file entry-v9.cif (mmCIF, C-alpha atoms and all ligand atoms; chains and numbers go by the auth columns)
data_work
#
loop_
_atom_site.group_PDB
_atom_site.id
_atom_site.type_symbol
_atom_site.label_atom_id
_atom_site.label_comp_id
_atom_site.label_asym_id
_atom_site.label_seq_id
_atom_site.Cartn_x
_atom_site.Cartn_y
_atom_site.Cartn_z
_atom_site.B_iso_or_equiv
_atom_site.auth_seq_id
_atom_site.auth_asym_id
ATOM 1 C CA MET A 1 -99.439 94.026 -123.997 0.00 1 G
ATOM 2 C CA ALA A 2 -98.157 91.645 -126.674 0.00 2 G
ATOM 3 C CA LYS A 3 -96.306 88.630 -125.371 0.00 3 G
ATOM 4 C CA VAL A 4 -93.309 87.046 -127.027 0.00 4 G
ATOM 5 C CA THR A 5 -93.741 83.427 -128.037 0.00 5 G
ATOM 6 C CA LYS A 6 -90.562 82.986 -129.996 0.00 6 G
ATOM 7 C CA ILE A 7 -87.264 84.760 -129.879 0.00 7 G
ATOM 8 C CA ILE A 8 -84.618 84.915 -132.571 0.00 8 G
ATOM 9 C CA PHE A 9 -81.227 86.532 -132.123 0.00 9 G
ATOM 10 C CA LEU A 10 -80.587 87.862 -135.612 0.00 10 G
ATOM 11 C CA THR A 11 -77.893 90.446 -135.199 0.00 11 G
ATOM 12 C CA ASP A 12 -74.381 89.983 -134.002 0.00 12 G
ATOM 13 C CA GLY A 13 -74.399 93.084 -131.851 0.00 13 G
ATOM 14 C CA LEU A 14 -75.378 91.112 -128.780 0.00 14 G
ATOM 15 C CA GLN A 15 -71.969 90.091 -127.505 0.00 15 G
ATOM 16 C CA ASN A 16 -71.992 93.028 -125.108 0.00 16 G
ATOM 17 C CA LEU A 17 -75.412 92.425 -123.607 0.00 17 G
ATOM 18 C CA ILE A 18 -75.122 92.085 -119.825 0.00 18 G
ATOM 19 C CA LEU A 19 -78.725 91.746 -118.720 0.00 19 G
ATOM 20 C CA LEU A 20 -81.628 90.028 -120.448 0.00 20 G
ATOM 21 C CA ASN A 21 -85.118 90.089 -119.007 0.00 21 G
ATOM 22 C CA LEU A 22 -87.779 88.029 -120.790 0.00 22 G
ATOM 23 C CA ASN A 23 -90.151 87.638 -117.843 0.00 23 G
ATOM 24 C CA ASN A 24 -93.868 87.173 -118.477 0.00 24 G
ATOM 25 C CA ASN A 25 -93.885 85.895 -122.030 0.00 25 G
ATOM 26 C CA HIS A 26 -94.955 82.650 -123.693 0.00 26 G
ATOM 27 C CA LEU A 27 -91.535 81.284 -124.554 0.00 27 G
ATOM 28 C CA MET A 28 -91.466 77.500 -124.869 0.00 28 G
ATOM 29 C CA GLN A 29 -87.845 77.308 -125.881 0.00 29 G
ATOM 30 C CA LEU A 30 -84.736 79.384 -126.344 0.00 30 G
ATOM 31 C CA PRO A 31 -82.827 79.328 -129.621 0.00 31 G
ATOM 32 C CA GLN A 32 -79.340 77.775 -129.726 0.00 32 G
ATOM 33 C CA GLU A 33 -78.026 81.204 -130.656 0.00 33 G
ATOM 34 C CA VAL A 34 -78.384 82.147 -127.009 0.00 34 G
ATOM 35 C CA SER A 35 -74.759 81.018 -126.802 0.00 35 G
ATOM 36 C CA ARG A 36 -73.783 84.207 -128.694 0.00 36 G
ATOM 37 C CA LEU A 37 -74.581 86.343 -125.659 0.00 37 G
ATOM 38 C CA LYS A 38 -71.018 85.996 -124.440 0.00 38 G
ATOM 39 C CA SER A 39 -71.127 88.807 -121.874 0.00 39 G
ATOM 40 C CA LEU A 40 -74.498 87.952 -120.409 0.00 40 G
ATOM 41 C CA THR A 41 -74.333 88.135 -116.622 0.00 41 G
ATOM 42 C CA TYR A 42 -77.977 88.295 -115.518 0.00 42 G
ATOM 43 C CA MET A 43 -80.729 86.355 -117.223 0.00 43 G
ATOM 44 C CA SER A 44 -84.333 86.304 -116.118 0.00 44 G
ATOM 45 C CA ILE A 45 -87.012 84.243 -117.878 0.00 45 G
ATOM 46 C CA ASN A 46 -89.566 83.900 -115.080 0.00 46 G
ATOM 47 C CA TYR A 47 -93.200 83.182 -115.965 0.00 47 G
ATOM 48 C CA ASN A 48 -92.748 81.558 -119.364 0.00 48 G
ATOM 49 C CA GLN A 49 -93.377 78.028 -120.642 0.00 49 G
ATOM 50 C CA LEU A 50 -89.877 76.709 -121.085 0.00 50 G
ATOM 51 C CA VAL A 51 -89.717 72.922 -120.970 0.00 51 G
ATOM 52 C CA SER A 52 -85.946 72.655 -121.100 0.00 52 G
ATOM 53 C CA ILE A 53 -82.745 74.584 -120.553 0.00 53 G
ATOM 54 C CA PRO A 54 -80.794 74.476 -123.827 0.00 54 G
ATOM 55 C CA ARG A 55 -77.260 73.124 -123.427 0.00 55 G
ATOM 56 C CA GLU A 56 -75.991 76.204 -125.257 0.00 56 G
ATOM 57 C CA LEU A 57 -77.110 78.332 -122.344 0.00 57 G
ATOM 58 C CA CYS A 58 -74.675 76.440 -120.118 0.00 58 G
ATOM 59 C CA PHE A 59 -71.768 77.848 -122.106 0.00 59 G
ATOM 60 C CA LEU A 60 -72.476 81.463 -121.105 0.00 60 G
ATOM 61 C CA LYS A 61 -69.504 81.445 -118.820 0.00 61 G
ATOM 62 C CA ASN A 62 -70.104 84.926 -117.389 0.00 62 G
ATOM 63 C CA LEU A 63 -73.582 84.140 -116.153 0.00 63 G
ATOM 64 C CA VAL A 64 -73.906 85.003 -112.459 0.00 64 G
ATOM 65 C CA GLU A 65 -77.657 84.946 -112.067 0.00 65 G
ATOM 66 C CA LEU A 66 -80.225 82.735 -113.806 0.00 66 G
ATOM 67 C CA GLN A 67 -83.911 83.033 -112.984 0.00 67 G
ATOM 68 C CA LEU A 68 -86.302 80.427 -114.381 0.00 68 G
ATOM 69 C CA ASN A 69 -89.128 80.505 -111.850 0.00 69 G
ATOM 70 C CA TYR A 70 -92.612 79.536 -113.027 0.00 70 G
ATOM 71 C CA ASN A 71 -91.807 77.560 -116.172 0.00 71 G
ATOM 72 C CA GLN A 72 -92.428 73.931 -117.165 0.00 72 G
ATOM 73 C CA LEU A 73 -88.889 72.622 -116.749 0.00 73 G
ATOM 74 C CA ILE A 74 -88.635 68.913 -116.083 0.00 74 G
ATOM 75 C CA CYS A 75 -84.872 68.589 -115.738 0.00 75 G
ATOM 76 C CA ILE A 76 -81.567 70.426 -115.672 0.00 76 G
ATOM 77 C CA PRO A 77 -78.872 69.469 -118.195 0.00 77 G
ATOM 78 C CA GLU A 78 -75.631 68.074 -116.779 0.00 78 G
ATOM 79 C CA GLU A 79 -73.810 70.808 -118.727 0.00 79 G
ATOM 80 C CA ILE A 80 -74.966 73.140 -115.954 0.00 80 G
ATOM 81 C CA LYS A 81 -71.553 72.437 -114.433 0.00 81 G
ATOM 82 C CA PHE A 82 -70.004 74.791 -117.004 0.00 82 G
ATOM 83 C CA LEU A 83 -71.701 77.831 -115.422 0.00 83 G
ATOM 84 C CA LYS A 84 -68.719 78.260 -113.128 0.00 84 G
ATOM 85 C CA LYS A 85 -69.630 81.815 -112.072 0.00 85 G
ATOM 86 C CA LEU A 86 -73.267 81.123 -111.288 0.00 86 G
ATOM 87 C CA GLN A 87 -74.197 82.486 -107.850 0.00 87 G
ATOM 88 C CA LYS A 88 -77.955 82.699 -107.966 0.00 88 G
ATOM 89 C CA PHE A 89 -80.102 79.969 -109.549 0.00 89 G
ATOM 90 C CA LEU A 90 -83.876 80.224 -109.200 0.00 90 G
ATOM 91 C CA LEU A 91 -86.068 77.333 -110.342 0.00 91 G
ATOM 92 C CA ALA A 92 -89.170 77.662 -108.196 0.00 92 G
ATOM 93 C CA ARG A 93 -92.493 76.299 -109.487 0.00 93 G
ATOM 94 C CA ASN A 94 -91.364 74.008 -112.274 0.00 94 G
ATOM 95 C CA ASN A 95 -91.763 70.231 -112.690 0.00 95 G
ATOM 96 C CA ILE A 96 -88.217 69.171 -111.943 0.00 96 G
ATOM 97 C CA GLY A 97 -87.952 65.641 -110.528 0.00 97 G
ATOM 98 C CA VAL A 98 -84.210 65.055 -110.433 0.00 98 G
ATOM 99 C CA LEU A 99 -81.264 67.363 -109.852 0.00 99 G
ATOM 100 C CA PRO A 100 -78.110 66.308 -111.718 0.00 100 G
ATOM 101 C CA GLU A 101 -74.948 65.494 -109.749 0.00 101 G
ATOM 102 C CA GLU A 102 -73.206 68.162 -111.808 0.00 102 G
ATOM 103 C CA LEU A 103 -75.122 70.800 -109.861 0.00 103 G
ATOM 104 C CA CYS A 104 -72.711 70.056 -107.016 0.00 104 G
ATOM 105 C CA ASP A 105 -69.853 71.364 -109.221 0.00 105 G
ATOM 106 C CA LEU A 106 -71.171 74.937 -108.972 0.00 106 G
ATOM 107 C CA LYS A 107 -68.690 76.125 -106.373 0.00 107 G
ATOM 108 C CA LYS A 108 -69.802 79.768 -106.549 0.00 108 G
ATOM 109 C CA LEU A 109 -73.488 78.996 -106.055 0.00 109 G
ATOM 110 C CA ARG A 110 -74.879 80.851 -103.009 0.00 110 G
ATOM 111 C CA ILE A 111 -78.632 81.053 -103.596 0.00 111 G
ATOM 112 C CA LEU A 112 -80.682 78.115 -104.853 0.00 112 G
ATOM 113 C CA ASP A 113 -84.458 78.061 -105.048 0.00 113 G
ATOM 114 C CA ILE A 114 -86.152 74.802 -106.056 0.00 114 G
ATOM 115 C CA ALA A 115 -89.399 75.380 -104.163 0.00 115 G
ATOM 116 C CA GLY A 116 -92.527 73.853 -105.665 0.00 116 G
ATOM 117 C CA ASN A 117 -91.002 71.124 -107.805 0.00 117 G
ATOM 118 C CA ILE A 118 -91.306 67.324 -107.512 0.00 118 G
ATOM 119 C CA ILE A 119 -87.886 66.591 -106.055 0.00 119 G
ATOM 120 C CA GLN A 120 -87.648 63.687 -103.574 0.00 120 G
ATOM 121 C CA ILE A 121 -83.913 63.359 -103.078 0.00 121 G
ATOM 122 C CA PHE A 122 -80.675 65.283 -103.682 0.00 122 G
ATOM 123 C CA PRO A 123 -77.531 64.126 -105.469 0.00 123 G
ATOM 124 C CA SER A 124 -74.694 62.946 -103.227 0.00 124 G
ATOM 125 C CA GLY A 125 -72.327 65.850 -102.626 0.00 125 G
ATOM 126 C CA PHE A 126 -75.204 68.315 -102.430 0.00 126 G
ATOM 127 C CA GLN A 127 -74.494 69.071 -98.768 0.00 127 G
ATOM 128 C CA ASP A 128 -71.020 70.325 -99.746 0.00 128 G
ATOM 129 C CA LEU A 129 -72.400 73.269 -101.735 0.00 129 G
ATOM 130 C CA LYS A 130 -71.492 76.574 -100.102 0.00 130 G
ATOM 131 C CA LEU A 131 -75.045 77.904 -100.162 0.00 131 G
ATOM 132 C CA ARG A 132 -76.167 80.903 -98.173 0.00 132 G
ATOM 133 C CA GLU A 133 -79.849 80.558 -99.010 0.00 133 G
ATOM 134 C CA PHE A 134 -81.692 77.404 -99.997 0.00 134 G
ATOM 135 C CA TYR A 135 -85.434 77.202 -100.601 0.00 135 G
ATOM 136 C CA CYS A 136 -87.068 73.809 -101.085 0.00 136 G
ATOM 137 C CA GLU A 137 -90.567 73.994 -99.618 0.00 137 G
ATOM 138 C CA GLY A 138 -93.329 72.314 -101.614 0.00 138 G
ATOM 139 C CA ASN A 139 -91.306 69.276 -102.737 0.00 139 G
ATOM 140 C CA PRO A 140 -92.202 65.672 -101.830 0.00 140 G
ATOM 141 C CA LEU A 141 -88.838 65.092 -100.135 0.00 141 G
ATOM 142 C CA PHE A 142 -88.124 61.658 -98.721 0.00 142 G
ATOM 143 C CA LEU A 143 -88.679 61.468 -94.982 0.00 143 G
ATOM 144 C CA GLN A 144 -86.812 59.317 -92.509 0.00 144 G
ATOM 145 C CA GLN A 145 -89.646 57.053 -91.471 0.00 145 G
ATOM 146 C CA PRO A 146 -88.325 53.487 -91.505 0.00 146 G
ATOM 147 C CA VAL A 147 -90.725 50.648 -92.366 0.00 147 G
ATOM 148 C CA ILE A 148 -90.070 46.934 -92.616 0.00 148 G
ATOM 149 C CA SER A 149 -89.807 45.844 -96.214 0.00 149 G
ATOM 150 C CA THR A 150 -89.095 42.571 -97.980 0.00 150 G
ATOM 151 C CA GLN A 151 -86.136 42.165 -100.291 0.00 151 G
ATOM 152 C CA ARG A 152 -86.704 40.950 -103.789 0.00 152 G
ATOM 153 C CA GLU A 153 -84.273 38.786 -105.709 0.00 153 G
ATOM 154 C CA ASN A 154 -81.635 40.504 -107.794 0.00 154 G
ATOM 155 C CA VAL A 155 -82.497 39.897 -111.429 0.00 155 G
ATOM 156 C CA TRP A 156 -79.826 41.039 -113.846 0.00 156 G
ATOM 157 C CA SER A 157 -79.944 40.911 -117.626 0.00 157 G
ATOM 158 C CA LEU A 158 -77.098 39.290 -119.516 0.00 158 G
ATOM 159 C CA GLN A 159 -76.110 42.793 -120.640 0.00 159 G
ATOM 160 C CA GLU A 160 -75.850 43.927 -117.031 0.00 160 G
ATOM 161 C CA ILE A 161 -73.823 40.892 -115.983 0.00 161 G
ATOM 162 C CA THR A 162 -71.441 41.330 -118.906 0.00 162 G
ATOM 163 C CA SER A 163 -71.138 45.083 -118.397 0.00 163 G
ATOM 164 C CA ARG A 164 -70.351 44.634 -114.723 0.00 164 G
ATOM 165 C CA PHE A 165 -67.689 42.070 -115.545 0.00 165 G
ATOM 166 C CA VAL A 166 -66.107 44.294 -118.210 0.00 166 G
ATOM 167 C CA MET A 167 -66.158 47.451 -116.073 0.00 167 G
ATOM 168 C CA ASN A 168 -64.699 45.759 -113.030 0.00 168 G
ATOM 169 C CA GLN A 169 -61.982 44.092 -115.116 0.00 169 G
ATOM 170 C CA LEU A 170 -61.142 47.458 -116.699 0.00 170 G
ATOM 171 C CA ALA A 171 -60.940 48.986 -113.229 0.00 171 G
ATOM 172 C CA GLU A 172 -58.294 46.354 -112.468 0.00 172 G
ATOM 173 C CA ASN A 173 -56.444 47.259 -115.691 0.00 173 G
ATOM 174 C CA ASN A 174 -56.988 43.900 -117.359 0.00 174 G
ATOM 175 C CA PRO A 175 -54.687 44.383 -120.408 0.00 175 G
ATOM 176 C CA PHE A 176 -56.675 42.042 -122.653 0.00 176 G
ATOM 177 C CA LEU A 177 -59.899 43.997 -122.136 0.00 177 G
ATOM 178 C CA MET A 178 -58.113 47.370 -122.237 0.00 178 G
ATOM 179 C CA ASP A 179 -56.907 46.514 -125.754 0.00 179 G
ATOM 180 C CA GLY A 180 -60.214 44.955 -126.801 0.00 180 G
ATOM 181 C CA ILE A 181 -62.356 47.886 -125.704 0.00 181 G
ATOM 182 C CA GLU A 182 -60.520 50.164 -128.167 0.00 182 G
ATOM 183 C CA GLN A 183 -62.242 48.322 -131.022 0.00 183 G
ATOM 184 C CA TYR A 184 -65.761 48.830 -129.666 0.00 184 G
ATOM 185 C CA PRO A 185 -66.773 52.497 -129.322 0.00 185 G
ATOM 186 C CA GLN A 186 -70.363 51.433 -128.650 0.00 186 G
ATOM 187 C CA VAL A 187 -69.329 49.394 -125.636 0.00 187 G
ATOM 188 C CA ARG A 188 -67.081 52.236 -124.498 0.00 188 G
ATOM 189 C CA SER A 189 -69.927 54.725 -124.575 0.00 189 G
ATOM 190 C CA MET A 190 -72.195 52.276 -122.759 0.00 190 G
ATOM 191 C CA ILE A 191 -69.802 51.659 -119.903 0.00 191 G
ATOM 192 C CA SER A 192 -69.036 55.347 -119.637 0.00 192 G
ATOM 193 C CA GLN A 193 -72.552 55.547 -118.143 0.00 193 G
ATOM 194 C CA GLY A 194 -71.449 53.170 -115.391 0.00 194 G
ATOM 195 C CA LYS A 195 -72.097 54.003 -111.768 0.00 195 G
ATOM 196 C CA THR A 196 -70.254 52.971 -108.639 0.00 196 G
ATOM 197 C CA CYS A 197 -71.535 51.106 -105.590 0.00 197 G
ATOM 198 C CA ALA A 198 -71.213 53.171 -102.403 0.00 198 G
ATOM 199 C CA ILE A 199 -70.421 50.032 -100.381 0.00 199 G
ATOM 200 C CA CYS A 200 -68.076 47.847 -102.443 0.00 200 G
ATOM 201 C CA GLY A 201 -66.897 50.299 -105.110 0.00 201 G
ATOM 202 C CA GLN A 202 -67.773 47.915 -107.960 0.00 202 G
ATOM 203 C CA HIS A 203 -69.492 49.181 -111.100 0.00 203 G
ATOM 204 C CA PHE A 204 -72.921 48.664 -112.633 0.00 204 G
ATOM 205 C CA ILE A 205 -75.047 50.129 -115.432 0.00 205 G
ATOM 206 C CA THR A 206 -78.776 49.472 -115.530 0.00 206 G
ATOM 207 C CA VAL A 207 -79.684 47.796 -112.233 0.00 207 G
ATOM 208 C CA TRP A 208 -79.017 49.046 -108.721 0.00 208 G
ATOM 209 C CA LEU A 209 -80.696 49.762 -105.401 0.00 209 G
ATOM 210 C CA ASP A 210 -81.623 53.354 -104.796 0.00 210 G
ATOM 211 C CA CYS A 211 -80.881 54.210 -101.201 0.00 211 G
ATOM 212 C CA VAL A 212 -80.985 57.348 -99.145 0.00 212 G
ATOM 213 C CA ARG A 213 -78.790 58.829 -96.448 0.00 213 G
ATOM 214 C CA PHE A 214 -80.152 61.671 -94.319 0.00 214 G
ATOM 215 C CA VAL A 215 -77.780 64.428 -93.275 0.00 215 G
ATOM 216 C CA SER A 216 -78.346 67.612 -91.319 0.00 216 G
ATOM 217 C CA PRO A 217 -78.263 70.715 -93.493 0.00 217 G
ATOM 218 C CA PRO A 218 -74.996 72.660 -93.098 0.00 218 G
ATOM 219 C CA LYS A 219 -75.281 75.267 -90.317 0.00 219 G
ATOM 220 C CA ASP A 220 -74.458 78.250 -92.518 0.00 220 G
ATOM 221 C CA TRP A 221 -77.305 77.561 -94.960 0.00 221 G
ATOM 222 C CA LYS A 222 -80.356 79.723 -94.507 0.00 222 G
ATOM 223 C CA ILE A 223 -83.071 77.196 -95.323 0.00 223 G
ATOM 224 C CA SER A 224 -86.786 76.565 -95.593 0.00 224 G
ATOM 225 C CA LYS A 225 -88.371 75.633 -92.278 0.00 225 G
ATOM 226 C CA ASN A 226 -89.558 72.288 -93.592 0.00 226 G
ATOM 227 C CA LEU A 227 -86.076 70.919 -94.112 0.00 227 G
ATOM 228 C CA GLN A 228 -84.953 68.984 -91.031 0.00 228 G
ATOM 229 C CA LEU A 229 -82.773 66.467 -92.831 0.00 229 G
ATOM 230 C CA VAL A 230 -81.408 66.513 -96.370 0.00 230 G
ATOM 231 C CA PRO A 231 -82.068 63.204 -98.164 0.00 231 G
ATOM 232 C CA LEU A 232 -79.050 62.278 -100.296 0.00 232 G
ATOM 233 C CA ARG A 233 -79.076 59.688 -103.045 0.00 233 G
ATOM 234 C CA VAL A 234 -76.814 56.659 -102.598 0.00 234 G
ATOM 235 C CA LEU A 235 -76.554 53.852 -105.169 0.00 235 G
ATOM 236 C CA ILE A 236 -75.789 50.262 -104.184 0.00 236 G
ATOM 237 C CA CYS A 237 -74.985 47.375 -106.530 0.00 237 G
ATOM 238 C CA SER A 238 -76.860 44.488 -104.905 0.00 238 G
ATOM 239 C CA TYR A 239 -78.703 43.178 -101.867 0.00 239 G
ATOM 240 C CA LYS A 240 -75.443 41.535 -100.838 0.00 240 G
ATOM 241 C CA CYS A 241 -73.990 45.024 -100.307 0.00 241 G
ATOM 242 C CA PHE A 242 -77.280 46.368 -98.957 0.00 242 G
ATOM 243 C CA THR A 243 -77.159 43.922 -96.049 0.00 243 G
ATOM 244 C CA GLN A 244 -73.675 45.240 -95.184 0.00 244 G
ATOM 245 C CA ARG A 245 -74.705 48.899 -95.105 0.00 245 G
ATOM 246 C CA ASP A 246 -74.306 51.135 -92.054 0.00 246 G
ATOM 247 C CA PRO A 247 -77.483 51.837 -90.074 0.00 247 G
ATOM 248 C CA ASN A 248 -77.797 55.382 -91.446 0.00 248 G
ATOM 249 C CA LEU A 249 -78.435 54.141 -94.951 0.00 249 G
ATOM 250 C CA PHE A 250 -81.985 53.270 -95.909 0.00 250 G
ATOM 251 C CA GLY A 251 -83.666 51.582 -98.831 0.00 251 G
ATOM 252 C CA ILE A 252 -86.535 53.516 -100.375 0.00 252 G
ATOM 253 C CA ALA A 253 -90.030 52.141 -99.823 0.00 253 G
ATOM 254 C CA GLN A 254 -93.270 53.066 -101.515 0.00 254 G
ATOM 255 C CA VAL A 255 -95.763 53.584 -98.725 0.00 255 G
ATOM 256 C CA GLN A 256 -99.468 53.945 -99.427 0.00 256 G
ATOM 257 C CA ASN A 257 -101.090 56.884 -97.733 0.00 257 G
ATOM 258 C CA ARG A 258 -103.822 55.654 -95.486 0.00 258 G
HETATM 259 ZN ZN ZN B . -71.663 46.796 -103.984 0.00 1 D
#

call {"tool": "encode", "arguments": {"input": "entry-v9.cif", "output": "structure tokens"}}
result
Amino acid sequence: MAKVTKIIFLTDGLQNLILLNLNNNHLMQLPQEVSRLKSLTYMSINYNQLVSIPRELCFLKNLVELQLNYNQLICIPEEIKFLKKLQKFLLARNNIGVLPEELCDLKKLRILDIAGNIIQIFPSGFQDLKLREFYCEGNPLFLQQPVISTQRENVWSLQEITSRFVMNQLAENNPFLMDGIEQYPQVRSMISQGKTCAICGQHFITVWLDCVRFVSPPKDWKISKNLQLVPLRVLICSYKCFTQRDPNLFGIAQVQNR
């Protein structure tokens, strides 16, 4: 049987399509025109070679089910948050390393399968998803196995020091900087990437400490047997804050397998 390697949506008669099944082909990408499938509710592209989910797909606001098992995906776009009706999201056997925080905005999501990826940690807020089924076996999830580790010095670039100063002043409504920032769209877009310290609430851009908090999976989730504790990502601005953390927060250590 011939397999499809490329797909082009030529006609405009597709607005009424509800279900699209492209399983078992050789698709490496989807065309932007996928956004024309306004009524699409069920989409299945298992067993292909997709390396990315096009942003345009995230604007199919009627999509309830999206199956992308057995592809080559390495990430999920943050625009995934626009799939407000998505209930079933299957991503087993890809190469996904990081789940975006925006995944936690999918309030209708009930079934999530990320088995067989390379995920180590989940975005904060993940435990608040109202999942009924969650499959995550075959991922190198962080384990709660504390080891003693030495702290290195904080080394910040001048850009980081300046950005931190600007962001924290803006957070305090410094009128001089609020006016000044209007003139510099580049700076604005840079600081819009800013993240917030879970301990002190101050902002940072390029340097932080990746930490992990382990929480029990919610009781109403039906989960893979391997998941005792859900590792959640927590970002901290400096070792100064790290030393003030509560005992349930851990730094992340690289441990050699012996
Ligand atoms: Zn801090």

call {"tool": "closest_residue", "arguments": {"input": "entry-v9.cif", "among": "G:Ile18, G:Ala2, G:Leu66, G:Cys136", "to": "Lys222 (chain G)", "atoms": "all atoms listed in the file"}}
result
G:Cys136

call {"tool": "resolve_selection", "arguments": {"input": "entry-v9.cif", "expression": "the PyMOL selection byres (((not hetatm)) within 8 of (chain D and resi 1))", "output": "mmCIF file with C-alpha atoms, in the coordinates of the input"}}
result
data_model
loop_
_atom_site.group_PDB
_atom_site.id
_atom_site.type_symbol
_atom_site.label_atom_id
_atom_site.label_comp_id
_atom_site.auth_asym_id
_atom_site.auth_seq_id
_atom_site.Cartn_x
_atom_site.Cartn_y
_atom_site.Cartn_z
ATOM 1 C CA THR G 196 -70.254 52.971 -108.639
ATOM 2 C CA CYS G 197 -71.535 51.106 -105.590
ATOM 3 C CA ALA G 198 -71.213 53.171 -102.403
ATOM 4 C CA ILE G 199 -70.421 50.032 -100.381
ATOM 5 C CA CYS G 200 -68.076 47.847 -102.443
ATOM 6 C CA GLY G 201 -66.897 50.299 -105.110
ATOM 7 C CA GLN G 202 -67.773 47.915 -107.960
ATOM 8 C CA HIS G 203 -69.492 49.181 -111.100
ATOM 9 C CA ILE G 236 -75.789 50.262 -104.184
ATOM 10 C CA CYS G 237 -74.985 47.375 -106.530
ATOM 11 C CA SER G 238 -76.860 44.488 -104.905
ATOM 12 C CA LYS G 240 -75.443 41.535 -100.838
ATOM 13 C CA CYS G 241 -73.990 45.024 -100.307
ATOM 14 C CA PHE G 242 -77.280 46.368 -98.957
#

call {"tool": "closest_atom_pairs", "arguments": {"input": "entry-v9.cif", "of": "region 79-132 of chain G", "to": "region 47-50 of chain G", "cutoff": "12 Å", "atoms": "all atoms listed in the file", "output": "CSV"}}
result
residue,atom,partner,partner_atom,distance
G:Leu90,CA,G:Tyr47,CA,11.9
G:Leu91,CA,G:Tyr47,CA,10.8
G:Ala92,CA,G:Tyr47,CA,10.3
G:Arg93,CA,G:Tyr47,CA,9.5
G:Asn94,CA,G:Leu50,CA,9.3
G:Asn95,CA,G:Leu50,CA,10.8
G:Ile96,CA,G:Leu50,CA,12.0

call {"tool": "closest_residue", "arguments": {"input": "entry-v9.cif", "among": "G:Leu227, G:Leu57, G:Val98, G:Leu232", "to": "Cys211 (chain G)", "atoms": "only C-alpha atoms"}}
result
G:Leu232

call {"tool": "residues_around", "arguments": {"input": "entry-v9.cif", "residues": "Phe82 (chain G)", "least_positions_apart": "6", "cutoff": "8 Å", "atoms": "only C-alpha atoms", "output": "MDAnalysis selection string"}}
result
chainID G and resid 58:59 61

call {"tool": "closest_residue", "arguments": {"input": "entry-v9.cif", "among": "G:Pro175, G:Pro77, G:Pro218, G:Gly194", "to": "Phe134 (chain G)", "atoms": "only C-alpha atoms"}}
result
G:Pro218

call {"tool": "resolve_selection", "arguments": {"input": "entry-v9.cif", "expression": "the PyMOL selection byres (((chain G and resi 27-44) around 8) and not hetatm)", "output": "MDAnalysis selection string"}}
result
chainID G and resid 4:9 12 14:23 25:26 45:46 48:54 56:57 59:68

call {"tool": "resolve_selection", "arguments": {"input": "entry-v9.cif", "expression": "the PyMOL selection byres (((chain G and resi 128) around 10) and not hetatm)", "output": "number ranges by chain"}}
result
G: 104-105, 107, 124-127, 129-131, 217-218

call {"tool": "atom_distance", "arguments": {"input": "entry-v9.cif", "atom1": "CA of Leu73 (chain G)", "atom2": "CA of Gly138 (chain G)"}}
result
15.8 Å

call {"tool": "residues_around", "arguments": {"input": "entry-v9.cif", "residues": "region 162-164 of chain G", "least_positions_apart": "4", "cutoff": "12 Å", "atoms": "all atoms listed in the file", "output": "number ranges by chain"}}
result
G: 156-158, 168-171, 177, 181, 187-197, 201-208, 237-238

call {"tool": "atom_distance", "arguments": {"input": "entry-v9.cif", "atom1": "CA of Phe250 (chain G)", "atom2": "CA of Arg213 (chain G)"}}
result
6.4 Å

call {"tool": "axis_aligned_box", "arguments": {"input": "entry-v9.cif", "around": "region 111-114 of chain G", "padding_each_side": "5 Å", "output": "AutoDock Vina command-line options"}}
result
--center_x -82.4 --center_y 77.9 --center_z -104.8 --size_x 17.5 --size_y 16.3 --size_z 12.5

call {"tool": "closest_residue", "arguments": {"input": "entry-v9.cif", "among": "G:Gly97, G:Gly13, G:Pro146, G:Gly116", "to": "Ala253 (chain G)", "atoms": "all atoms listed in the file"}}
result
G:Pro146

call {"tool": "decode", "arguments": {"input": "entry-v9.cif", "residues": "region 65-73 of chain G", "atoms": "N, CA and C atoms", "output": "short mmCIF file (atom, residue, chain, number, x, y, z; two decimals), in the first residue's frame"}}
result
data_model
loop_
_atom_site.label_atom_id
_atom_site.label_comp_id
_atom_site.auth_asym_id
_atom_site.auth_seq_id
_atom_site.Cartn_x
_atom_site.Cartn_y
_atom_site.Cartn_z
N GLU G 65 -9.71 15.27 20.43
CA GLU G 65 -8.79 14.14 20.54
C GLU G 65 -7.64 14.31 19.55
N LEU G 66 -6.41 14.17 20.04
CA LEU G 66 -5.23 14.31 19.19
C LEU G 66 -4.28 13.17 19.49
N GLN G 67 -4.08 12.32 18.50
CA GLN G 67 -3.20 11.16 18.67
C GLN G 67 -1.94 11.32 17.83
N LEU G 68 -0.80 11.32 18.50
CA LEU G 68 0.49 11.49 17.83
C LEU G 68 1.49 10.45 18.31
N ASN G 69 1.00 9.28 18.66
CA ASN G 69 1.90 8.21 19.12
C ASN G 69 2.87 7.81 18.01
N TYR G 70 4.04 7.35 18.41
CA TYR G 70 5.03 6.83 17.46
C TYR G 70 5.37 7.82 16.36
N ASN G 71 5.86 9.00 16.76
CA ASN G 71 6.43 9.95 15.82
C ASN G 71 7.83 10.32 16.32
N GLN G 72 8.36 11.43 15.86
CA GLN G 72 9.71 11.86 16.27
C GLN G 72 9.65 13.21 16.98
N LEU G 73 8.53 13.49 17.62
CA LEU G 73 8.36 14.82 18.24
C LEU G 73 9.40 15.04 19.33
#
